[in-house]
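Single-structure report; data block below.
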Amino acid sequence: MTLLRGRIPGLAGGLVCLLAVGMALAETPAPGSDNPGQALWQPAVFADFPVRIELTDRAAVTRLLETVPLAAFSREDLRTDPVTGQVILLPRITEAEARRLTAAGIAFTRLTDLEQAGRRQAEAAWALVPTKDAQIWTAYPTHAQIGTTFAAYQDSFPTLCRTFSWGQTVLGRELWGLVVSADPQTTAAEPEVRLSSSMHGDEPVGMVMLMNLAEYLLENYGEPGFEDVTSLVDNYEIHIMPLHNPDGYIAGTRVNANGADLNRNYPAPTGGQVSQIETTHFMDYAQAHHFVVSLNGHGGALVMNYPWDYTFALTPDDAALQLLSLEYSTWNLPMYNGWFDQGITNGAEWYVATGTLQDWVYYATDCLDVTLEIGDIKWPAATQLDDVWDDNRESLLHYVKAARYGVNGVVTAEDTGLPLDAMVTVFGNGESVSTDPAHGDYYKLLPTGSFELTFTADGYLPLTVPGVSTVWGTPTVLDVTLEPDPSPVPDLRVVQLTARPNPFNPLTRLDFTVPRTGRVHLAVYDVQGRLVRTLARTDLEAGTHHRVWDGRNEAGSPSASGIYFARLDLGAESVATKLMLVK
Ligand code: ZN
């Protein structure tokens with residue numbers, strides 16, 4: 001187990017684990033471990049190569065892509081000099097694209113292809129599996145090795161972890177995960193944190209880092225000198241989902257087996273259709289849990305990229321998202337000292353993208369998700385993975401720890417003493433969070449300051465607590481008890497629509513209840529009754545839902561200050577609410 005390299009005490013534990021992995025490979029294949037990668041494995045054909053293109057500004061990028069649409073171009077290939085505004089593109093292009101660039105008079109420099117070595121080396125190693133031990137830490141694991149390794153962890157550390165599957169890919173490959181937490185078979189009043197990676201199949205470094213993290217947490221739990229690890233495993237529930245796109249990984253492609261870019265496949269706050277099964281599975285898993293903080297790993301740049309991606313408007317949680325991103329970048333010196341100021345960037349400021357995972361997670365769940373761009377080289381030689389782990393280990397630990405920063409606590413009912421399904425709203429911050437109904441616990445990441453929190457729950461009187469002080473880096477604990485509301489319970493069988501915040505700027509969130517499954521139309525109109533923006537025109541299940549309106553019309557232009565109406569139609573039923581945009 002060369003991963004250990006003498007840095008981690010408790011080598012005996014590492015040997016036990018190695019034996020367990022070997023046995024798992026020899027005796028009991030994990031579910032779905034028939035490794036379709038072996039059957040489908042083919043040597044990669046490198047039809048493209050990396051180049052450097054220097055442009056004067058962003059407008060020139062748009063013109064270039066209109067003139068010569070570069071098929072593999074992604075925003076990970078884009079760098080902007082913060083001083084001069086000069087833009088550098090580092091895409092992979094084909095010979096045909098190179099000819100078109102030349103014909104269009106656009107200069108480029110061909111670069112050494114540092115990704116070839118990593119890809120070829122990984123593929124050569126896969127060809128030797130399964131005669132080789134699962135040494136995942138200094139080589140890229142096969143898809144099957146992720147499953148067998150997690151199964152072996154569950155056998156070796158049954159009180160610290162459990163495996164799970166969050167679905168199957170287009171080609172039927174298992175999407176494996178591992179929950180690391182003391183007492184992993186039950187949930188507790190502790191923050192759930194999701195760490196996932198490699199929805200772009202050709203960006204596998206984050207996947208390896210998450211495999212390393214699982215090993216590191218399990219092997220070092222309870223060991224002297226690893227009190228930070230023990231505390232994380234005791235007080236957090238960590239969901240590790242290392243490979244989001246196994247079909248793409250095995251094919252060496254960014255896209256999934258249907259040719260779809262999974263990081264453009266999520267519903268944006270403005271709408272959008274999900275077309276890929278991996279996306280559906282991921283959304284189901286995210287909504288079935290109550291994640292507080294998460295990240296998704298990518299490659300091609302070295303930066304923490306936080307929402308929004310789809311709009312230049314800042315989220316109501318901008319300060320907390322920056323601090324959370326800094327928790328990662330501060331411990332990763334190449335990232336902190338790299339291209340981006342302090343190693344972090346707002347998504348849209350870097351490059352606007354619609355349908356990204358982090359935007360969906362932010363508006364559709366209570367979780368703050370940040371995109372981890374883990375290195376300029378998407379698929380470096382495996383000999384570098386050890387150094388990359390050194391750069392990311394402390395960052396990952398500190399990132400998980402931050403799920404308790406700001407305010408957290410438990411909301412219970414005064415009459416029953418039981419935990420409540422409650423909403424926690426911070427004045428001046430448009431994104432409320434809800435409690436985990438099973439335990440009543442909530443987590444609201446906030447920067448250092450003083451805040452007013454309001455707690456609401458169906459059937460209970462609202463409670464406002466002013467002057468709650470927070471210091472980033474130290475959790476503030478605020479447990480509250482709500483009194484029953486003596487007034488009659490509102491009829492939940494009718495269509496309802498509310499907006500928060502209202503008045504608002506720049507975003508408001510429309511929460512609505514539909515009493516039965518059906519076609520829902522939700523739109524914003526001006527005072528003359530003219531359509532400003534359609535927010536939903538889709539079939540929805542009975543229950544509560546919400547959409548965000550960013551004050552923009554269908555064309556994306558900001559609306560003027562004033563009064564608007566949001567109207568929800570479900571069959572013949574209709575409900576409207578007044579919105580006030582204040583600038
Ligand atoms: Zn990516």
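Every chain in the structure tokens has a letter given in the order shown (A, B, ...), and although residue numbers restart at 1 in each chain, ligands are simply numbered from 1 in the order shown.
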Report task. Collect all residues with atoms no farther than 12 Å from ligand 1, counting only C-alpha atoms and all ligand atoms, and output them as a PyMOL selection string. Result -> chain A and resi 72-77+197-206+244-245+248-249+253-255+261-264+296-303+305+353+356-358+371-379
Kindly save the residues from that selection, with N, CA and C atoms included, as a CSV table (one decimal), in the first residue's frame.
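See selection-v9.csv below for the written result:
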```csv
chain,number,residue,atom,x,y,z
A,72,ALA,N,-14.7,20.7,-28.1
A,72,ALA,CA,-14.3,20.2,-26.7
A,72,ALA,C,-14.1,21.4,-25.8
A,73,PHE,N,-14.4,22.6,-26.2
A,73,PHE,CA,-14.2,23.8,-25.4
A,73,PHE,C,-15.1,23.8,-24.2
A,74,SER,N,-14.5,24.1,-23.0
A,74,SER,CA,-15.3,24.3,-21.8
A,74,SER,C,-14.6,25.4,-21.0
A,75,ARG,N,-15.4,25.9,-20.0
A,75,ARG,CA,-14.9,27.0,-19.3
A,75,ARG,C,-13.6,26.7,-18.5
A,76,GLU,N,-13.4,25.4,-18.2
A,76,GLU,CA,-12.1,25.1,-17.5
A,76,GLU,C,-10.9,25.5,-18.4
A,77,ASP,N,-11.1,25.7,-19.7
A,77,ASP,CA,-10.1,26.1,-20.6
A,77,ASP,C,-9.8,27.6,-20.6
A,197,SER,N,-17.6,13.5,-7.4
A,197,SER,CA,-16.6,14.0,-8.4
A,197,SER,C,-16.9,13.3,-9.7
A,198,SER,N,-16.2,13.9,-10.7
A,198,SER,CA,-16.0,13.2,-12.0
A,198,SER,C,-17.3,13.0,-12.8
A,199,MET,N,-18.2,14.0,-12.8
A,199,MET,CA,-19.3,14.0,-13.7
A,199,MET,C,-18.8,14.2,-15.1
A,200,HIS,N,-17.7,14.8,-15.3
A,200,HIS,CA,-16.9,14.8,-16.5
A,200,HIS,C,-15.9,13.6,-16.5
A,201,GLY,N,-16.2,12.6,-17.3
A,201,GLY,CA,-15.4,11.3,-17.2
A,201,GLY,C,-13.9,11.5,-17.4
A,202,ASP,N,-13.5,12.5,-18.1
A,202,ASP,CA,-12.1,12.7,-18.3
A,202,ASP,C,-11.4,13.6,-17.3
A,203,GLU,N,-12.1,13.8,-16.1
A,203,GLU,CA,-11.5,14.6,-15.0
A,203,GLU,C,-11.5,13.7,-13.8
A,204,PRO,N,-10.6,12.7,-13.7
A,204,PRO,CA,-10.7,11.7,-12.6
A,204,PRO,C,-9.9,12.0,-11.4
A,205,VAL,N,-9.2,13.1,-11.3
A,205,VAL,CA,-8.4,13.3,-10.1
A,205,VAL,C,-9.2,13.5,-8.8
A,206,GLY,N,-10.3,14.2,-8.9
A,206,GLY,CA,-11.1,14.4,-7.7
A,206,GLY,C,-11.6,13.0,-7.2
A,244,HIS,N,-19.2,10.0,-10.7
A,244,HIS,CA,-20.6,10.4,-11.2
A,244,HIS,C,-20.9,9.9,-12.6
A,245,ASN,N,-19.8,9.6,-13.4
A,245,ASN,CA,-19.9,9.3,-14.8
A,245,ASN,C,-19.0,8.2,-15.2
A,248,GLY,N,-18.4,7.6,-19.0
A,248,GLY,CA,-17.5,8.6,-19.6
A,248,GLY,C,-16.0,8.3,-19.1
A,249,TYR,N,-15.8,7.9,-17.9
A,249,TYR,CA,-14.5,7.6,-17.4
A,249,TYR,C,-13.8,6.5,-18.2
A,253,THR,N,-14.0,10.1,-21.9
A,253,THR,CA,-14.7,11.3,-22.4
A,253,THR,C,-15.3,12.2,-21.3
A,254,ARG,N,-15.5,13.4,-21.6
A,254,ARG,CA,-16.2,14.4,-20.8
A,254,ARG,C,-17.6,14.0,-20.6
A,255,VAL,N,-18.3,13.6,-21.7
A,255,VAL,CA,-19.7,13.4,-21.7
A,255,VAL,C,-20.1,11.9,-21.2
A,261,ASP,N,-23.3,16.4,-21.8
A,261,ASP,CA,-22.5,17.0,-20.7
A,261,ASP,C,-23.3,17.1,-19.5
A,262,LEU,N,-23.0,16.3,-18.5
A,262,LEU,CA,-23.9,16.1,-17.3
A,262,LEU,C,-23.9,17.4,-16.5
A,263,ASN,N,-22.9,18.3,-16.7
A,263,ASN,CA,-22.9,19.5,-15.9
A,263,ASN,C,-23.6,20.7,-16.7
A,264,ARG,N,-24.4,20.3,-17.7
A,264,ARG,CA,-25.3,21.3,-18.3
A,264,ARG,C,-26.7,20.7,-18.4
A,296,ASN,N,-18.5,19.2,-5.8
A,296,ASN,CA,-18.3,18.3,-6.9
A,296,ASN,C,-17.0,18.6,-7.7
A,297,GLY,N,-16.2,17.5,-7.8
A,297,GLY,CA,-14.9,17.6,-8.3
A,297,GLY,C,-14.8,17.6,-9.9
A,298,HIS,N,-14.0,18.5,-10.4
A,298,HIS,CA,-13.7,18.6,-11.8
A,298,HIS,C,-12.2,18.8,-12.0
A,299,GLY,N,-11.8,18.9,-13.3
A,299,GLY,CA,-10.4,19.2,-13.5
A,299,GLY,C,-10.3,20.1,-14.7
A,300,GLY,N,-9.1,20.6,-15.0
A,300,GLY,CA,-8.8,21.5,-16.1
A,300,GLY,C,-8.5,22.9,-15.6
A,301,ALA,N,-8.7,23.2,-14.4
A,301,ALA,CA,-8.3,24.4,-13.8
A,301,ALA,C,-8.1,24.2,-12.3
A,302,LEU,N,-7.6,25.2,-11.6
A,302,LEU,CA,-7.3,25.0,-10.2
A,302,LEU,C,-8.0,26.1,-9.4
A,303,VAL,N,-9.2,25.9,-8.9
A,303,VAL,CA,-10.0,27.0,-8.3
A,303,VAL,C,-11.2,26.4,-7.7
A,305,ASN,N,-15.1,27.2,-7.4
A,305,ASN,CA,-16.0,28.0,-8.2
A,305,ASN,C,-17.4,27.9,-7.6
A,353,ALA,N,-22.6,29.6,-17.3
A,353,ALA,CA,-23.0,28.3,-17.8
A,353,ALA,C,-24.4,28.0,-17.2
A,356,THR,N,-26.0,23.8,-14.5
A,356,THR,CA,-24.9,23.1,-13.7
A,356,THR,C,-25.4,22.5,-12.4
A,357,LEU,N,-24.7,21.6,-12.0
A,357,LEU,CA,-25.1,20.9,-10.7
A,357,LEU,C,-25.1,21.8,-9.5
A,358,GLN,N,-24.1,22.7,-9.4
A,358,GLN,CA,-24.0,23.5,-8.2
A,358,GLN,C,-25.2,24.5,-8.2
A,371,THR,N,-18.0,24.0,-6.8
A,371,THR,CA,-17.3,23.2,-7.8
A,371,THR,C,-15.8,23.2,-7.6
A,372,LEU,N,-15.2,22.1,-7.3
A,372,LEU,CA,-13.8,22.0,-7.0
A,372,LEU,C,-13.1,21.7,-8.3
A,373,GLU,N,-12.4,22.6,-8.9
A,373,GLU,CA,-11.5,22.4,-10.0
A,373,GLU,C,-10.1,22.1,-9.5
A,374,ILE,N,-9.7,20.8,-9.6
A,374,ILE,CA,-8.6,20.3,-8.8
A,374,ILE,C,-7.2,20.4,-9.4
A,375,GLY,N,-7.2,20.7,-10.7
A,375,GLY,CA,-5.9,20.9,-11.3
A,375,GLY,C,-5.9,21.3,-12.8
A,376,ASP,N,-4.9,22.0,-13.3
A,376,ASP,CA,-4.9,22.4,-14.7
A,376,ASP,C,-4.9,21.2,-15.6
A,377,ILE,N,-4.2,20.2,-15.3
A,377,ILE,CA,-4.1,19.0,-16.1
A,377,ILE,C,-5.2,18.0,-15.7
A,378,LYS,N,-6.1,17.8,-16.6
A,378,LYS,CA,-7.3,17.0,-16.2
A,378,LYS,C,-7.0,15.5,-15.8
A,379,TRP,N,-6.0,15.0,-16.5
A,379,TRP,CA,-5.7,13.6,-16.2
A,379,TRP,C,-4.2,13.4,-16.2
```
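The residue set within 8 Å of Val480 in chain A, counting only C-alpha atoms and dropping same-chain residues fewer than 5 places from it, reads Gly409, Val410, Val411 and Thr412 of chain A.
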Generate the output file for the selected residues, N, CA, C and O atoms, as a tab-separated table (two decimals), in the first residue's frame.
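The resulting file, again-v4.tsv, is reproduced below:
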```
chain	number	residue	atom	x	y	z
A	409	GLY	N	-28.55	24.16	15.28
A	409	GLY	CA	-29.27	23.79	16.49
A	409	GLY	C	-30.40	22.85	16.18
A	409	GLY	O	-30.48	22.28	15.08
A	410	VAL	N	-31.28	22.69	17.15
A	410	VAL	CA	-32.41	21.76	17.03
A	410	VAL	C	-33.70	22.53	17.33
A	410	VAL	O	-33.74	23.32	18.27
A	411	VAL	N	-34.73	22.31	16.51
A	411	VAL	CA	-36.04	22.93	16.72
A	411	VAL	C	-37.00	21.84	17.20
A	411	VAL	O	-37.20	20.83	16.51
A	412	THR	N	-37.57	22.05	18.39
A	412	THR	CA	-38.52	21.06	18.93
A	412	THR	C	-39.84	21.74	19.27
A	412	THR	O	-39.92	22.95	19.40
```
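Shortest atom-to-atom contact with Asp341 in chain A among A:Glu219, A:Trp472, A:Asp81, A:Leu90: A:Asp81, counting only C-alpha atoms.
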Select from range 425-518 of chain A every residue with an atom at most 8 Å from any atom of range 386-404 of chain A, then for each give the shortest pair of atoms and their distance in Å to one decimal, using only C-alpha atoms, rows by chain and rising number, as JSON lines.
```
{"residue": "A:Tyr443", "atom": "CA", "partner": "A:Arg404", "partner_atom": "CA", "distance": 6.5}
{"residue": "A:Lys444", "atom": "CA", "partner": "A:Arg404", "partner_atom": "CA", "distance": 8.0}
{"residue": "A:Leu445", "atom": "CA", "partner": "A:Ala403", "partner_atom": "CA", "distance": 7.1}
{"residue": "A:Gly473", "atom": "CA", "partner": "A:Ala402", "partner_atom": "CA", "distance": 7.1}
{"residue": "A:Thr474", "atom": "CA", "partner": "A:Arg404", "partner_atom": "CA", "distance": 7.9}
{"residue": "A:Pro475", "atom": "CA", "partner": "A:Arg404", "partner_atom": "CA", "distance": 5.5}
```
Report task. Excluding Ser231 in chain A and any residue of its chain fewer than 5 positions from it, enumerate the residues within 9 Å of it, using only C-alpha atoms, and give them as a list in words. Result -> Tyr221, Gly222, Phe226 and Tyr236 of chain A
Dump as a JSON list (two decimals), in the first residue's frame, selection limited to C-alpha atoms:
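Final file, out-v8.json:
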```
[["chain", "number", "residue", "atom", "x", "y", "z"],
["A", 221, "TYR", "CA", -10.13, 7.15, 13.18],
["A", 222, "GLY", "CA", -9.40, 7.01, 16.90],
["A", 226, "PHE", "CA", -5.75, 12.28, 14.41],
["A", 236, "TYR", "CA", -20.64, 14.55, 10.64]]
```
Query raised in the report: Which residues, written as a PyMOL selection string, have at least one atom at most 12 Å from range 556-568 of chain A, with only C-alpha atoms counted and residues fewer than 6 positions away on the same chain left out?
Result: chain A and resi 270+310-313+494-499+502-514+519-538+545-550+574-583
Per-residue DSSP, range 522-563 of chain A, filtered to strand (DSSP E), as a tab-separated table (two decimals) with all heavy atoms, in the first residue's frame:
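File written: result-v8.tsv
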```
chain	number	residue	atom	x	y	z
A	522	LEU	N	-46.60	28.43	-13.82
A	522	LEU	CA	-46.26	29.51	-12.90
A	522	LEU	C	-45.53	30.59	-13.70
A	522	LEU	O	-44.55	30.30	-14.39
A	522	LEU	CB	-45.35	28.99	-11.78
A	522	LEU	CG	-44.81	30.04	-10.80
A	522	LEU	CD1	-45.93	30.69	-10.00
A	522	LEU	CD2	-43.78	29.41	-9.85
A	523	ALA	N	-46.04	31.82	-13.64
A	523	ALA	CA	-45.44	32.89	-14.43
A	523	ALA	C	-45.56	34.22	-13.70
A	523	ALA	O	-46.38	34.37	-12.79
A	523	ALA	CB	-46.11	32.97	-15.80
A	524	VAL	N	-44.71	35.16	-14.13
A	524	VAL	CA	-44.71	36.50	-13.56
A	524	VAL	C	-45.26	37.46	-14.62
A	524	VAL	O	-44.91	37.37	-15.80
A	524	VAL	CB	-43.28	36.93	-13.15
A	524	VAL	CG1	-43.28	38.36	-12.62
A	524	VAL	CG2	-42.71	35.96	-12.12
A	525	TYR	N	-46.15	38.38	-14.19
A	525	TYR	CA	-46.78	39.36	-15.08
A	525	TYR	C	-46.55	40.76	-14.53
A	525	TYR	O	-46.38	40.94	-13.31
A	525	TYR	CB	-48.28	39.09	-15.19
A	525	TYR	CG	-48.61	37.70	-15.65
A	525	TYR	CD1	-48.69	36.64	-14.73
A	525	TYR	CD2	-48.81	37.41	-16.99
A	525	TYR	CE1	-48.97	35.35	-15.14
A	525	TYR	CE2	-49.10	36.11	-17.42
A	525	TYR	CZ	-49.18	35.08	-16.48
A	525	TYR	OH	-49.45	33.81	-16.89
A	526	ASP	N	-46.57	41.75	-15.41
A	526	ASP	CA	-46.49	43.12	-14.92
A	526	ASP	C	-47.90	43.62	-14.57
A	526	ASP	O	-48.88	42.89	-14.71
A	526	ASP	CB	-45.76	44.04	-15.93
A	526	ASP	CG	-46.52	44.21	-17.22
A	526	ASP	OD1	-47.72	43.87	-17.27
A	526	ASP	OD2	-45.92	44.70	-18.20
A	531	LEU	N	-47.11	39.16	-19.84
A	531	LEU	CA	-46.18	38.13	-19.37
A	531	LEU	C	-44.76	38.69	-19.31
A	531	LEU	O	-44.26	39.28	-20.27
A	531	LEU	CB	-46.21	36.93	-20.32
A	531	LEU	CG	-45.23	35.80	-19.98
A	531	LEU	CD1	-45.63	35.08	-18.70
A	531	LEU	CD2	-45.13	34.80	-21.13
A	532	VAL	N	-44.12	38.52	-18.16
A	532	VAL	CA	-42.71	38.92	-18.01
A	532	VAL	C	-41.81	37.69	-18.09
A	532	VAL	O	-40.81	37.68	-18.79
A	532	VAL	CB	-42.50	39.66	-16.67
A	532	VAL	CG1	-41.02	39.99	-16.47
A	532	VAL	CG2	-43.34	40.92	-16.61
A	533	ARG	N	-42.21	36.65	-17.39
A	533	ARG	CA	-41.32	35.49	-17.32
A	533	ARG	C	-42.11	34.25	-16.94
A	533	ARG	O	-42.88	34.28	-15.98
A	533	ARG	CB	-40.24	35.78	-16.26
A	533	ARG	CG	-39.30	34.65	-15.99
A	533	ARG	CD	-38.25	34.53	-17.07
A	533	ARG	NE	-37.22	33.65	-16.58
A	533	ARG	CZ	-36.15	34.06	-15.88
A	533	ARG	NH1	-35.97	35.33	-15.63
A	533	ARG	NH2	-35.27	33.20	-15.46
A	534	THR	N	-41.90	33.15	-17.67
A	534	THR	CA	-42.47	31.86	-17.30
A	534	THR	C	-41.48	31.13	-16.40
A	534	THR	O	-40.31	30.98	-16.77
A	534	THR	CB	-42.77	31.02	-18.55
A	534	THR	OG1	-43.68	31.76	-19.38
A	534	THR	CG2	-43.38	29.69	-18.19
A	535	LEU	N	-41.93	30.68	-15.24
A	535	LEU	CA	-41.04	30.00	-14.29
A	535	LEU	C	-41.26	28.49	-14.27
A	535	LEU	O	-40.35	27.73	-13.94
A	535	LEU	CB	-41.24	30.56	-12.88
A	535	LEU	CG	-40.88	32.03	-12.72
A	535	LEU	CD1	-41.27	32.51	-11.33
A	535	LEU	CD2	-39.40	32.27	-12.95
A	536	ALA	N	-42.46	28.04	-14.60
A	536	ALA	CA	-42.71	26.60	-14.65
A	536	ALA	C	-43.88	26.34	-15.59
A	536	ALA	O	-44.87	27.06	-15.58
A	536	ALA	CB	-43.04	26.06	-13.26
A	537	ARG	N	-43.72	25.36	-16.45
A	537	ARG	CA	-44.83	24.89	-17.29
A	537	ARG	C	-44.57	23.41	-17.44
A	537	ARG	O	-43.97	22.95	-18.40
A	537	ARG	CB	-44.83	25.61	-18.64
A	537	ARG	CG	-46.11	25.32	-19.44
A	537	ARG	CD	-46.01	25.80	-20.87
A	537	ARG	NE	-46.12	27.24	-21.00
A	537	ARG	CZ	-45.19	28.02	-21.56
A	537	ARG	NH1	-44.08	27.50	-22.00
A	537	ARG	NH2	-45.38	29.32	-21.65
A	538	THR	N	-44.98	22.65	-16.41
A	538	THR	CA	-44.57	21.26	-16.34
A	538	THR	C	-45.50	20.46	-15.44
A	538	THR	O	-46.29	21.03	-14.70
A	538	THR	CB	-43.11	21.17	-15.81
A	538	THR	OG1	-42.69	19.82	-15.84
A	538	THR	CG2	-43.01	21.69	-14.38
A	539	ASP	N	-45.44	19.15	-15.53
A	539	ASP	CA	-46.21	18.29	-14.64
A	539	ASP	C	-45.47	18.17	-13.31
A	539	ASP	O	-44.29	17.86	-13.28
A	539	ASP	CB	-46.37	16.88	-15.25
A	539	ASP	CG	-47.28	16.91	-16.47
A	539	ASP	OD1	-48.22	17.71	-16.48
A	539	ASP	OD2	-47.04	16.12	-17.40
A	540	LEU	N	-46.18	18.42	-12.22
A	540	LEU	CA	-45.57	18.31	-10.89
A	540	LEU	C	-46.44	17.42	-10.01
A	540	LEU	O	-47.66	17.38	-10.15
A	540	LEU	CB	-45.43	19.69	-10.24
A	540	LEU	CG	-44.39	20.63	-10.84
A	540	LEU	CD1	-44.43	21.97	-10.13
A	540	LEU	CD2	-42.98	20.03	-10.72
A	543	GLY	N	-47.82	18.32	-3.58
A	543	GLY	CA	-46.84	18.64	-2.54
A	543	GLY	C	-46.35	20.06	-2.68
A	543	GLY	O	-46.99	20.87	-3.35
A	544	THR	N	-45.23	20.35	-2.03
A	544	THR	CA	-44.68	21.70	-2.09
A	544	THR	C	-43.51	21.75	-3.05
A	544	THR	O	-42.75	20.79	-3.18
A	544	THR	CB	-44.23	22.18	-0.70
A	544	THR	OG1	-43.31	21.22	-0.20
A	544	THR	CG2	-45.40	22.31	0.25
A	545	HIS	N	-43.39	22.87	-3.73
A	545	HIS	CA	-42.33	23.08	-4.73
A	545	HIS	C	-41.92	24.54	-4.65
A	545	HIS	O	-42.58	25.34	-4.00
A	545	HIS	CB	-42.85	22.78	-6.14
A	545	HIS	CG	-43.44	21.41	-6.29
A	545	HIS	ND1	-42.69	20.31	-6.62
A	545	HIS	CD2	-44.72	20.97	-6.14
A	545	HIS	CE1	-43.48	19.25	-6.67
A	545	HIS	NE2	-44.72	19.62	-6.38
A	546	HIS	N	-40.85	24.88	-5.34
A	546	HIS	CA	-40.56	26.30	-5.46
A	546	HIS	C	-39.72	26.60	-6.70
A	546	HIS	O	-39.11	25.71	-7.29
A	546	HIS	CB	-39.89	26.86	-4.21
A	546	HIS	CG	-38.53	26.30	-3.95
A	546	HIS	ND1	-38.31	25.25	-3.11
A	546	HIS	CD2	-37.32	26.66	-4.43
A	546	HIS	CE1	-37.03	24.98	-3.07
A	546	HIS	NE2	-36.40	25.81	-3.86
A	547	ARG	N	-39.75	27.87	-7.09
A	547	ARG	CA	-38.95	28.37	-8.19
A	547	ARG	C	-38.36	29.70	-7.74
A	547	ARG	O	-38.90	30.36	-6.86
A	547	ARG	CB	-39.80	28.60	-9.44
A	547	ARG	CG	-40.35	27.33	-10.09
A	547	ARG	CD	-39.23	26.52	-10.75
A	547	ARG	NE	-39.76	25.38	-11.49
A	547	ARG	CZ	-39.98	24.18	-10.96
A	547	ARG	NH1	-39.75	23.96	-9.67
A	547	ARG	NH2	-40.46	23.20	-11.69
A	548	VAL	N	-37.27	30.07	-8.37
A	548	VAL	CA	-36.64	31.35	-8.06
A	548	VAL	C	-36.85	32.30	-9.23
A	548	VAL	O	-36.73	31.89	-10.38
A	548	VAL	CB	-35.11	31.14	-7.83
A	548	VAL	CG1	-34.42	32.48	-7.64
A	548	VAL	CG2	-34.90	30.23	-6.63
A	549	TRP	N	-37.23	33.55	-8.94
A	549	TRP	CA	-37.27	34.57	-9.99
A	549	TRP	C	-36.18	35.58	-9.71
A	549	TRP	O	-36.10	36.14	-8.61
A	549	TRP	CB	-38.64	35.26	-10.06
A	549	TRP	CG	-38.71	36.23	-11.22
A	549	TRP	CD1	-38.22	36.03	-12.46
A	549	TRP	CD2	-39.26	37.55	-11.22
A	549	TRP	NE1	-38.44	37.12	-13.26
A	549	TRP	CE2	-39.08	38.08	-12.52
A	549	TRP	CE3	-39.90	38.33	-10.26
A	549	TRP	CZ2	-39.50	39.35	-12.88
A	549	TRP	CZ3	-40.34	39.61	-10.62
A	549	TRP	CH2	-40.14	40.10	-11.92
A	562	GLY	N	-40.66	47.98	-9.19
A	562	GLY	CA	-42.11	48.12	-9.26
A	562	GLY	C	-42.82	46.87	-8.82
A	562	GLY	O	-42.23	45.95	-8.25
A	563	ILE	N	-44.12	46.88	-9.12
A	563	ILE	CA	-44.99	45.80	-8.67
A	563	ILE	C	-45.21	44.80	-9.81
A	563	ILE	O	-45.43	45.19	-10.96
A	563	ILE	CB	-46.33	46.37	-8.17
A	563	ILE	CG1	-46.08	47.16	-6.88
A	563	ILE	CG2	-47.36	45.26	-7.93
A	563	ILE	CD1	-47.25	47.93	-6.38
```
Could you list, as a compact mmCIF listing (two decimals) with all heavy atoms, in the first residue's frame, every residue within 12 Å of Asp284 in chain A, counting only C-alpha atoms and ignoring same-chain residues fewer than 6 positions away?
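New file around-v1.txt:
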```txt
# COMPACT_ATOMS: atom_id res chain seq x y z
N TRP A 166 -26.28 4.71 -5.71
CA TRP A 166 -27.27 5.76 -5.98
C TRP A 166 -27.85 5.63 -7.38
O TRP A 166 -28.50 6.54 -7.88
CB TRP A 166 -26.72 7.15 -5.68
CG TRP A 166 -25.40 7.53 -6.28
CD1 TRP A 166 -24.16 7.14 -5.85
CD2 TRP A 166 -25.19 8.40 -7.39
NE1 TRP A 166 -23.19 7.71 -6.63
CE2 TRP A 166 -23.79 8.49 -7.59
CE3 TRP A 166 -26.03 9.11 -8.24
CZ2 TRP A 166 -23.24 9.26 -8.60
CZ3 TRP A 166 -25.47 9.88 -9.24
CH2 TRP A 166 -24.08 9.95 -9.41
N GLY A 167 -27.69 4.43 -7.98
CA GLY A 167 -28.35 4.19 -9.26
C GLY A 167 -27.42 3.51 -10.25
O GLY A 167 -26.34 3.03 -9.88
N ILE A 277 -30.11 9.88 -17.18
CA ILE A 277 -30.44 9.06 -16.01
C ILE A 277 -29.50 9.34 -14.84
O ILE A 277 -29.91 9.32 -13.68
CB ILE A 277 -30.45 7.55 -16.40
CG1 ILE A 277 -31.07 6.71 -15.29
CG2 ILE A 277 -29.07 7.04 -16.73
CD1 ILE A 277 -32.56 6.83 -15.19
N GLU A 278 -28.22 9.64 -15.13
CA GLU A 278 -27.29 9.94 -14.05
C GLU A 278 -27.74 11.19 -13.29
O GLU A 278 -27.59 11.28 -12.07
CB GLU A 278 -25.86 10.15 -14.59
CG GLU A 278 -25.21 8.90 -15.17
CD GLU A 278 -25.49 8.70 -16.65
OE1 GLU A 278 -26.35 9.42 -17.20
OE2 GLU A 278 -24.84 7.82 -17.26
N HIS A 290 -30.44 15.40 3.51
CA HIS A 290 -30.55 16.78 3.96
C HIS A 290 -29.14 17.36 4.04
O HIS A 290 -28.64 17.67 5.11
CB HIS A 290 -31.26 16.82 5.32
CG HIS A 290 -31.83 18.15 5.64
ND1 HIS A 290 -31.21 19.05 6.46
CD2 HIS A 290 -32.96 18.76 5.21
CE1 HIS A 290 -31.94 20.15 6.53
NE2 HIS A 290 -33.00 19.99 5.79
N VAL A 361 -28.29 22.48 -7.03
CA VAL A 361 -28.21 22.14 -5.61
C VAL A 361 -28.52 23.38 -4.77
O VAL A 361 -29.25 23.30 -3.78
CB VAL A 361 -26.80 21.59 -5.27
CG1 VAL A 361 -26.58 21.55 -3.76
CG2 VAL A 361 -26.62 20.20 -5.86
N ALA A 364 -32.44 24.35 -5.34
CA ALA A 364 -33.45 23.32 -5.14
C ALA A 364 -33.35 22.62 -3.79
O ALA A 364 -34.27 21.92 -3.39
CB ALA A 364 -33.37 22.29 -6.26
N THR A 365 -32.20 22.75 -3.11
CA THR A 365 -32.05 22.11 -1.80
C THR A 365 -31.46 23.13 -0.83
O THR A 365 -31.17 24.26 -1.21
CB THR A 365 -31.12 20.88 -1.86
OG1 THR A 365 -29.76 21.30 -1.95
CG2 THR A 365 -31.44 19.98 -3.06
```
